[in-house]
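What follows is the content of run_31.txt, which has compact mmCIF, C-alpha atoms:
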```
# COMPACT_ATOMS: atom_id res chain seq x y z
CA MET A 1 89.00 97.84 79.54
CA TYR A 2 89.64 100.87 77.37
CA GLY A 3 93.43 101.03 77.61
CA SER A 4 93.85 102.02 81.23
CA LYS A 5 91.68 100.60 83.97
CA PRO A 6 89.87 103.50 85.63
CA ALA A 7 86.48 101.86 85.24
CA GLY A 8 87.32 98.21 85.62
CA ASN A 9 89.74 98.50 88.51
CA MET A 10 86.95 97.48 90.84
CA SER A 11 86.93 94.06 89.31
CA ARG A 12 90.36 92.94 90.35
CA ARG A 13 89.60 93.46 93.99
CA ARG A 14 86.85 90.95 94.17
CA ALA A 15 88.07 87.40 93.79
CA ALA A 16 90.17 87.20 96.93
CA SER A 17 87.71 89.38 98.80
CA ALA A 18 84.84 87.08 97.91
CA ALA A 19 86.58 84.06 99.36
CA VAL A 20 87.23 85.83 102.64
CA LEU A 21 83.71 87.19 102.84
CA GLY A 22 82.22 83.81 102.09
CA ALA A 23 83.83 82.37 105.18
CA ALA A 24 82.78 85.38 107.22
CA ALA A 25 79.21 85.07 106.08
CA LEU A 26 79.01 81.45 107.10
CA LEU A 27 80.08 82.46 110.57
CA LEU A 28 77.50 85.20 110.62
CA ALA A 29 74.81 82.76 109.62
CA GLY A 30 75.25 81.08 112.97
CA CYS A 31 75.42 84.20 115.10
CA SER A 32 73.92 87.65 115.29
CA SER A 33 75.25 91.17 115.11
CA SER A 34 76.47 92.47 118.41
CA GLY A 35 74.47 95.65 117.88
CA ASP A 36 70.84 96.19 118.74
CA GLY A 37 68.33 98.41 117.07
CA ASP A 38 69.63 101.46 118.90
CA GLY A 39 73.22 100.89 117.85
CA ASP A 40 74.60 100.21 121.33
CA GLY A 41 76.11 96.79 120.61
CA LYS A 42 79.85 96.26 120.42
CA GLY A 43 82.01 94.02 118.30
CA ALA A 44 84.25 91.56 120.07
CA GLY A 45 87.35 93.39 121.21
CA ALA A 46 86.89 96.46 119.00
CA GLY A 47 83.87 98.25 120.45
CA ILE A 48 82.21 98.71 117.06
CA THR A 49 78.73 100.25 117.14
CA GLN A 50 76.02 100.98 114.60
CA GLN A 51 75.66 104.42 113.07
CA PRO A 52 72.56 106.56 113.78
CA LYS A 53 69.77 104.94 111.81
CA GLU A 54 68.09 108.15 110.67
CA ALA A 55 71.15 109.21 108.64
CA ASP A 56 72.80 105.86 107.95
CA PRO A 57 70.46 102.86 107.99
CA PHE A 58 73.06 100.40 106.71
CA TRP A 59 74.54 97.65 108.86
CA VAL A 60 78.03 97.95 110.33
CA ASN A 61 79.66 94.52 110.57
CA PRO A 62 81.12 94.49 114.10
CA ASP A 63 83.42 91.60 113.22
CA GLY A 64 84.72 92.74 109.82
CA THR A 65 88.38 92.76 108.86
CA ALA A 66 88.85 96.39 109.85
CA ALA A 67 87.29 95.70 113.25
CA GLN A 68 89.66 92.79 113.70
CA GLN A 69 92.59 95.09 112.98
CA VAL A 70 91.32 97.61 115.50
CA ALA A 71 91.21 94.89 118.14
CA SER A 72 94.68 93.63 117.20
CA LEU A 73 96.26 97.09 117.25
CA THR A 74 94.64 97.88 120.57
CA GLU A 75 95.95 94.64 122.05
CA ASP A 76 99.43 95.53 120.80
CA GLY A 77 99.23 98.90 122.51
CA LYS A 78 99.07 100.84 119.23
CA LYS A 79 96.08 102.87 120.25
CA ASP A 80 96.66 105.78 117.87
CA GLN A 81 96.73 103.45 114.86
CA ALA A 82 93.71 101.57 116.19
CA GLU A 83 91.72 104.78 116.31
CA GLN A 84 92.70 105.57 112.72
CA ILE A 85 91.49 102.17 111.49
CA ARG A 86 88.34 102.64 113.54
CA ARG A 87 87.37 105.27 110.96
CA ILE A 88 86.94 102.37 108.55
CA ALA A 89 85.65 99.73 110.95
CA GLN A 90 82.91 102.01 112.28
CA GLN A 91 81.28 102.50 108.88
CA PRO A 92 79.01 100.11 106.93
CA THR A 93 80.70 98.58 103.90
CA GLY A 94 79.53 96.29 101.13
CA GLU A 95 79.42 92.55 101.77
CA TRP A 96 80.50 90.81 98.56
CA ILE A 97 78.66 87.53 98.06
CA SER A 98 80.96 84.78 96.80
CA PRO A 99 79.74 81.87 94.62
CA GLU A 100 80.03 79.33 97.41
CA ASN A 101 76.88 79.02 99.50
CA PRO A 102 75.29 82.31 98.37
CA GLU A 103 72.04 81.54 100.17
CA GLU A 104 73.78 81.03 103.50
CA GLN A 105 75.84 84.18 103.05
CA ALA A 106 72.87 86.36 102.16
CA ARG A 107 70.88 84.93 105.04
CA GLY A 108 73.73 85.45 107.50
CA PHE A 109 74.33 89.07 106.59
CA THR A 110 70.65 90.04 106.40
CA GLU A 111 69.78 88.27 109.65
CA ALA A 112 72.61 90.04 111.46
CA ALA A 113 71.55 93.37 109.98
CA ASP A 114 67.91 92.73 110.84
CA GLU A 115 68.74 92.00 114.47
CA ALA A 116 70.55 95.34 114.60
CA GLY A 117 67.58 97.09 113.03
CA ARG A 118 69.58 97.97 109.93
CA THR A 119 69.76 97.23 106.20
CA ALA A 120 72.39 94.90 104.74
CA LEU A 121 74.46 96.25 101.84
CA LEU A 122 75.24 93.38 99.48
CA VAL A 123 77.24 93.26 96.25
CA LEU A 124 76.81 90.59 93.57
CA TYR A 125 79.84 90.02 91.38
CA ASN A 126 79.59 86.66 89.67
CA ILE A 127 78.49 87.31 86.08
CA PRO A 128 79.90 84.77 83.57
CA HIS A 129 83.08 85.92 81.75
CA ARG A 130 83.65 88.43 84.51
CA ASP A 131 86.42 91.02 84.14
CA CYS A 132 87.29 89.88 80.62
CA GLY A 133 89.75 87.30 81.89
CA GLN A 134 91.83 89.85 83.81
CA TYR A 135 92.84 89.73 87.51
CA SER A 136 89.35 88.91 88.72
CA GLY A 137 88.38 86.92 85.67
CA GLY A 138 85.92 84.11 86.14
CA GLY A 139 82.42 84.33 87.50
CA ALA A 140 79.70 81.72 87.15
CA ALA A 141 80.43 78.86 84.78
CA ASP A 142 77.41 79.61 82.61
CA GLY A 143 74.02 81.28 82.54
CA ASN A 144 72.27 78.54 84.49
CA ALA A 145 74.91 78.65 87.21
CA TYR A 146 74.44 82.40 87.48
CA ARG A 147 70.67 82.10 87.71
CA SER A 148 71.10 79.54 90.48
CA PHE A 149 73.47 81.93 92.27
CA VAL A 150 70.93 84.77 92.12
CA ASP A 151 68.14 82.43 93.23
CA GLY A 152 70.23 81.48 96.25
CA VAL A 153 70.88 85.10 97.16
CA ALA A 154 67.20 85.95 96.82
CA LYS A 155 66.17 83.01 98.97
CA GLY A 156 68.74 84.00 101.59
CA ILE A 157 67.51 87.61 101.73
CA GLY A 158 63.84 86.71 101.97
CA ASP A 159 61.73 89.53 103.37
CA ARG A 160 64.59 91.16 105.27
CA ALA A 161 65.87 94.60 104.26
CA ALA A 162 68.73 94.66 101.75
CA THR A 163 70.29 97.03 99.26
CA VAL A 164 72.05 95.24 96.40
CA VAL A 165 74.68 96.70 94.08
CA LEU A 166 74.51 94.48 91.02
CA GLU A 167 77.51 93.33 89.01
CA PRO A 168 80.23 95.98 88.92
CA ASP A 169 81.63 96.39 85.38
CA ALA A 170 79.11 94.04 83.77
CA VAL A 171 77.36 96.62 81.59
CA LEU A 172 80.44 98.79 81.15
CA HIS A 173 82.42 95.90 79.70
CA LEU A 174 79.69 95.39 77.11
CA VAL A 175 80.21 98.98 75.99
CA ASP A 176 83.99 99.32 76.01
CA GLY A 177 84.66 96.23 73.90
CA CYS A 178 86.19 94.23 76.75
CA THR A 179 83.53 91.49 76.74
CA PRO A 180 83.38 89.56 73.44
CA GLN A 181 80.27 90.14 71.36
CA GLU A 182 79.23 86.50 71.57
CA PHE A 183 78.45 86.91 75.28
CA HIS A 184 76.44 90.12 75.05
CA GLU A 185 72.92 88.81 74.63
CA GLU A 186 73.30 86.31 77.45
CA ARG A 187 74.64 88.98 79.78
CA TYR A 188 71.75 91.33 79.10
CA ASP A 189 69.34 88.49 79.77
CA LEU A 190 71.09 87.51 83.01
CA LEU A 191 71.18 91.05 84.34
CA LYS A 192 67.54 91.63 83.49
CA GLY A 193 66.60 88.37 85.19
CA ALA A 194 68.62 89.22 88.30
CA ILE A 195 66.94 92.61 88.59
CA GLU A 196 63.49 91.08 88.25
CA LYS A 197 64.24 88.36 90.79
CA LEU A 198 65.69 90.67 93.41
CA THR A 199 63.27 93.58 93.06
CA ALA A 200 60.41 91.14 93.51
CA LEU A 201 61.54 90.70 97.11
CA LYS A 202 59.55 92.68 99.66
CA ASN A 203 62.30 94.85 101.12
CA THR A 204 65.17 94.73 98.62
CA LYS A 205 66.46 97.63 96.52
CA VAL A 206 68.68 97.03 93.48
CA TYR A 207 71.19 99.41 91.89
CA LEU A 208 72.80 98.30 88.63
CA ASP A 209 76.43 99.34 88.20
CA ALA A 210 76.86 102.09 85.59
CA GLY A 211 80.56 102.96 85.51
CA ASN A 212 82.17 106.16 86.71
CA ALA A 213 83.00 109.72 85.78
CA GLY A 214 86.32 108.82 84.18
CA TRP A 215 85.55 106.08 81.68
CA GLY A 216 83.56 107.86 78.98
CA HIS A 217 80.23 109.62 78.45
CA PRO A 218 76.70 108.69 79.58
CA ASP A 219 75.63 108.66 75.92
CA GLN A 220 77.65 105.47 75.52
CA ILE A 221 76.01 103.45 78.25
CA PHE A 222 72.41 104.52 78.72
CA GLU A 223 70.97 102.27 75.99
CA PRO A 224 72.87 99.21 77.27
CA LEU A 225 71.56 99.96 80.76
CA LYS A 226 68.03 99.96 79.37
CA ARG A 227 68.65 96.62 77.65
CA ALA A 228 69.92 95.27 80.96
CA GLY A 229 66.65 96.18 82.71
CA ILE A 230 67.41 99.46 84.45
CA ASP A 231 63.73 100.37 84.18
CA ARG A 232 62.92 97.63 86.71
CA ALA A 233 65.77 98.48 89.07
CA ASP A 234 65.60 101.07 91.83
CA GLY A 235 68.46 102.90 90.18
CA PHE A 236 72.14 102.63 89.31
CA ALA A 237 75.51 102.86 91.07
CA VAL A 238 78.49 104.99 90.07
CA ASN A 239 82.16 105.12 91.08
CA VAL A 240 82.21 101.61 92.54
CA SER A 241 85.74 100.92 93.82
CA ASN A 242 86.98 104.06 92.11
CA PHE A 243 88.41 107.39 93.21
CA TYR A 244 86.49 110.07 91.30
CA THR A 245 85.25 112.87 93.48
CA THR A 246 81.70 113.01 94.70
CA GLU A 247 81.23 116.23 92.72
CA ASP A 248 82.32 114.57 89.47
CA SER A 249 80.32 111.44 90.26
CA LEU A 250 77.24 113.53 90.94
CA ALA A 251 77.58 115.30 87.58
CA TYR A 252 78.05 112.00 85.74
CA GLY A 253 75.13 110.40 87.55
CA LYS A 254 72.77 113.27 86.89
CA GLN A 255 73.58 113.27 83.17
CA LEU A 256 72.96 109.55 83.04
CA SER A 257 69.79 109.75 85.10
CA ALA A 258 68.30 112.17 82.58
CA LYS A 259 68.77 109.53 79.88
CA VAL A 260 67.25 106.61 81.81
CA GLY A 261 63.97 108.04 82.93
CA GLY A 262 65.14 110.05 85.91
CA LYS A 263 66.39 107.03 87.82
CA HIS A 264 67.98 107.65 91.19
CA PHE A 265 71.53 106.51 91.93
CA VAL A 266 74.07 105.83 94.65
CA ILE A 267 77.72 106.91 94.78
CA ASP A 268 80.61 104.89 96.16
CA THR A 269 82.53 107.38 98.29
CA SER A 270 84.73 104.83 100.04
CA ARG A 271 88.10 106.13 98.80
CA ASN A 272 87.42 109.31 96.85
CA GLY A 273 88.42 111.84 99.50
CA ASN A 274 91.37 113.11 97.46
CA GLY A 275 90.05 112.27 94.01
CA PRO A 276 91.84 110.07 91.47
CA TYR A 277 95.60 109.56 91.33
CA ALA A 278 97.18 111.50 88.46
CA GLU A 279 100.81 110.37 88.51
CA GLY A 280 102.76 107.30 87.48
CA ALA A 281 101.89 104.93 84.64
CA PRO A 282 98.33 105.67 83.46
CA ASP A 283 97.44 101.98 83.25
CA GLU A 284 98.25 101.46 86.95
CA ARG A 285 96.87 104.61 88.53
CA TRP A 286 93.86 102.60 89.69
CA CYS A 287 95.96 100.09 91.64
CA ASN A 288 96.68 100.94 95.29
CA PRO A 289 97.37 104.60 94.43
CA PRO A 290 99.22 106.52 97.15
CA GLY A 291 97.93 109.64 98.80
CA ARG A 292 94.26 108.68 98.65
CA ALA A 293 91.74 109.20 101.44
CA LEU A 294 88.37 108.02 102.66
CA GLY A 295 85.44 109.95 101.23
CA GLU A 296 82.11 111.01 102.68
CA THR A 297 80.84 108.56 105.24
CA PRO A 298 77.83 106.46 104.21
CA THR A 299 74.52 108.24 104.52
CA THR A 300 71.12 108.58 102.92
CA LYS A 301 71.19 112.32 103.60
CA THR A 302 72.92 113.42 100.41
CA SER A 303 73.39 116.69 98.57
CA ASP A 304 70.93 115.91 95.78
CA PRO A 305 67.41 114.40 95.66
CA LEU A 306 68.49 112.07 92.84
CA VAL A 307 71.19 110.50 95.02
CA ASP A 308 69.69 107.91 97.34
CA ALA A 309 72.90 107.34 99.28
CA TYR A 310 76.62 107.70 99.58
CA LEU A 311 77.87 104.16 100.15
CA TRP A 312 81.13 102.42 100.85
CA VAL A 313 80.64 99.68 98.28
CA LYS A 314 84.36 99.01 98.03
CA ARG A 315 85.80 97.90 101.37
CA PRO A 316 88.55 100.44 102.22
CA GLY A 317 91.75 98.69 103.18
CA GLU A 318 91.52 95.82 100.72
CA SER A 319 94.23 95.63 98.08
CA ASP A 320 93.60 96.47 94.43
CA GLY A 321 96.15 93.88 93.36
CA GLU A 322 99.80 92.95 93.45
CA CYS A 323 101.15 96.39 92.66
CA LYS A 324 103.00 99.03 94.66
CA GLY A 325 103.80 96.43 97.30
CA GLY A 326 100.23 95.26 97.79
CA PRO A 327 98.98 91.70 98.31
CA LYS A 328 96.57 89.91 95.97
CA ALA A 329 93.39 91.68 94.96
CA GLY A 330 90.81 91.72 97.71
CA GLU A 331 93.19 90.79 100.52
CA TRP A 332 93.43 93.07 103.52
CA TYR A 333 96.31 95.54 103.13
CA PRO A 334 96.86 97.00 106.62
CA GLU A 335 99.44 99.58 105.59
CA TYR A 336 97.17 100.92 102.87
CA ALA A 337 94.17 100.95 105.20
CA LEU A 338 96.16 103.06 107.64
CA GLU A 339 97.28 105.41 104.87
CA LEU A 340 93.68 105.92 103.72
CA ALA A 341 92.55 106.68 107.24
CA GLN A 342 95.46 108.98 108.03
CA GLY A 343 94.92 110.90 104.80
CA THR A 344 91.36 111.71 105.77
CA GLU A 345 90.45 114.96 107.45
CA ALA A 346 88.95 114.49 110.88
```

Would you write out, as structure tokens, the structure that this file holds?
Amino acid sequence: MYGSKPAGNMSRRRAASAAVLGAAALLLAGCSSSGDGDGDGKGAGAGITQQPKEADPFWVNPDGTAAQQVASLTEDGKKDQAEQIRRIAQQPTGEWISPENPEEQARGFTEAADEAGRTALLVLYNIPHRDCGQYSGGGAADGNAYRSFVDGVAKGIGDRAATVVLEPDAVLHLVDGCTPQEFHEERYDLLKGAIEKLTALKNTKVYLDAGNAGWGHPDQIFEPLKRAGIDRADGFAVNVSNFYTTEDSLAYGKQLSAKVGGKHFVIDTSRNGNGPYAEGAPDERWCNPPGRALGETPTTKTSDPLVDAYLWVKRPGESDGECKGGPKAGEWYPEYALELAQGTEA
């Protein structure tokens, strides 16, 4: 990154998360969502329902980690805490596709969403040389492996409705010097190919990650976004896994949109209710910062015609990494989940 990690913090939260989600997706592939098209279904033990489709068409996973915690807390008689965590469990969050069995995962999530009459929100995070060798370093072994991964996801989605947030940090790390120059051309080619493959699907929208309001200026990234194929995408995503306010994210996104042909964008509002953390060591402000809160709930009814949706791309309650008492990146952090929920205005 560029010294601190305000833009790339999203990356460290993926590796462990992907492994967990991979297993969950395989289970989903063999079963359906408990919700129906009218949102009356309930998750096992937690009573999780779908949100009203007209404002929030995205699928709520009734058996996600947050829902499991709701059920566990309720069983333990901790009803007040259960209702706090329900604020997370009741909202649609991104399903991060891991490298193992991507076709089965994509099929499982989209089939479950389709049965509920909703749209699956998927996140692809497997670009080669991912995260510059940091906490979530790795990704596909090479370009061919990545193309195979994307092919599997596309085959799994098929004609079902899906919204895909593509490769958090991938373009940003080409700009900030984190990714070595020798990998740049391949990455542009892979991103462009992924956009073309996924947007060719009948009911899939693709938003390419474009950083956040705290990393730099839109002038630094708009040309790289064009090289990565933003013209073929439905738009771009900002603030993924970050804490910048919706107001700041909107300003950043609108400036960037003006430089990439008026493209629409989505904002990750999962944990930006209190804005970014401003205390402690600057290079660790991104990692499990205290005093944060959930942001606007997911919806397609936003404050600006350029913003297609507020989304919870990052899954609130998952750790940013082994800092401030947290578990490994991507693992469920129940104490932090509760803090996020309790810090949110009713």

Would you mind listing, for every residue of stretch 240-286 of chain A within 9 Å of stretch 293-303 of chain A, the two atoms forming the shortest contact and the distance between them in Å to one decimal, using only C-alpha atoms, sorted by chain and ascending residue number, as a tab-separated table?
```
residue	atom	partner	partner_atom	distance
A:Phe243	CA	A:Gly295	CA	8.9
A:Thr245	CA	A:Gly295	CA	8.3
A:Thr246	CA	A:Gly295	CA	8.1
A:Asp268	CA	A:Gly295	CA	8.6
A:Thr269	CA	A:Gly295	CA	4.9
A:Ser270	CA	A:Gly295	CA	5.3
A:Arg271	CA	A:Leu294	CA	4.3
A:Asn272	CA	A:Gly295	CA	4.8
A:Gly273	CA	A:Gly295	CA	3.9
A:Asn274	CA	A:Ala293	CA	5.6
A:Gly275	CA	A:Ala293	CA	8.2
```

Please, could you write that set of residues out with C-alpha atoms as a PDB file, keeping the file's coordinate frame?
```pdb
ATOM      1  CA  PHE A 243      88.410 107.390  93.210  1.00  0.00           C
ATOM      2  CA  THR A 245      85.250 112.870  93.480  1.00  0.00           C
ATOM      3  CA  THR A 246      81.700 113.010  94.700  1.00  0.00           C
ATOM      4  CA  ASP A 268      80.610 104.890  96.160  1.00  0.00           C
ATOM      5  CA  THR A 269      82.530 107.380  98.290  1.00  0.00           C
ATOM      6  CA  SER A 270      84.730 104.830 100.040  1.00  0.00           C
ATOM      7  CA  ARG A 271      88.100 106.130  98.800  1.00  0.00           C
ATOM      8  CA  ASN A 272      87.420 109.310  96.850  1.00  0.00           C
ATOM      9  CA  GLY A 273      88.420 111.840  99.500  1.00  0.00           C
ATOM     10  CA  ASN A 274      91.370 113.110  97.460  1.00  0.00           C
ATOM     11  CA  GLY A 275      90.050 112.270  94.010  1.00  0.00           C
TER      12      GLY A 275
END
```

(request) Name the closest residue to A:Glu339 among the candidates A:Leu166, A:Ala55, A:Leu122, A:Ile88; distances are taken between atoms, counting all atoms listed in the file. (result) A:Ile88

(message) Between atom CA of A:Pro224 and atom CA of A:Lys155, what distance in Å does the model show, to one decimal?
(response)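 That distance, rounded to one decimal, is 27.9 Å.
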
(request) Compile the contact shell of A:Asp234 as a list in words: residues with an atom at most 7 Å away, counting all atoms listed in the file, same-chain residues fewer than 3 positions apart removed. (result)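 Selected residues are Lys205, Val206 and Tyr207 of chain A.
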
(request) Tell me which of A:Gln81, A:Tyr310, A:Pro168, A:Leu256 sits closest to A:Leu340, counting all atoms listed in the file. (result)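 That would be A:Gln81, the residue with the smallest distance to A:Leu340.
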
(request) Taking the point (90.1, 96.9, 113.6) as given in the file, collect each protein or nucleic acid residue that comes within 9 Å of it, counting all atoms listed in the file, and present the set as a ChimeraX atom specification. (result) /A:45-46,48,63-74,82-83,85-86,88-90

(message) Taking (63.7, 103.6, 84.5) in the coordinates of the supplied file, I want to know which residues reach to within 10 Å of it, counting all atoms listed in the file; could you give the answer as a ChimeraX atom specification?
(response) /A:225-226,229-236,257-264

(message) Measuring between all atoms listed in the file, which one of A:Val123, A:Pro128, A:Gly143, A:Glu167 shows the shortest distance to A:Gln105?
(response)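 Ranked by minimum distance to A:Gln105, first place goes to A:Val123.
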
(request) Take atom CA of A:Lys314 and atom CA of A:Leu174 and report the distance between them in Å, one decimal. (result)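 Between atom CA of A:Lys314 and atom CA of A:Leu174 the gap is 21.7 Å.
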
(request) Quick one: pull the distance between atom CA of A:Gln50 and atom CA of A:Ala112, Å, one decimal. (result)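 These atoms are spaced 11.9 Å apart.
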
(message) With distances taken over only C-alpha atoms, which residue among A:Leu121, A:Ala228, A:Leu338, A:Val150 lies nearest A:His184?
(response) A:Ala228

Once 5 Å is added on each side, what centre and edge lengths in Å to one decimal does the axis-aligned box around all listed atoms of stretch 228-246 of chain A have, as JSON?
```
{"center_x": 75.7, "center_y": 104.1, "center_z": 87.8, "size_x": 35.5, "size_y": 27.7, "size_z": 23.7}
```

(message) Taking only C-alpha atoms into account, name the residue in A:Asp320, A:Glu103, A:Glu111, A:Asp308 that is nearest to A:Arg285.
(response)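 The shortest atom-to-atom distance to A:Arg285 comes from A:Asp320.
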
(message) So that I can see what lies close to A:Gln220, please list as a list in words the residues with an atom at most 9 Å from it, counting all atoms listed in the file and leaving out residues fewer than 4 positions away in the same chain.
(response)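 These residues fall inside the cut-off: Val175, Asp176, Gly216 and Pro224 of chain A.
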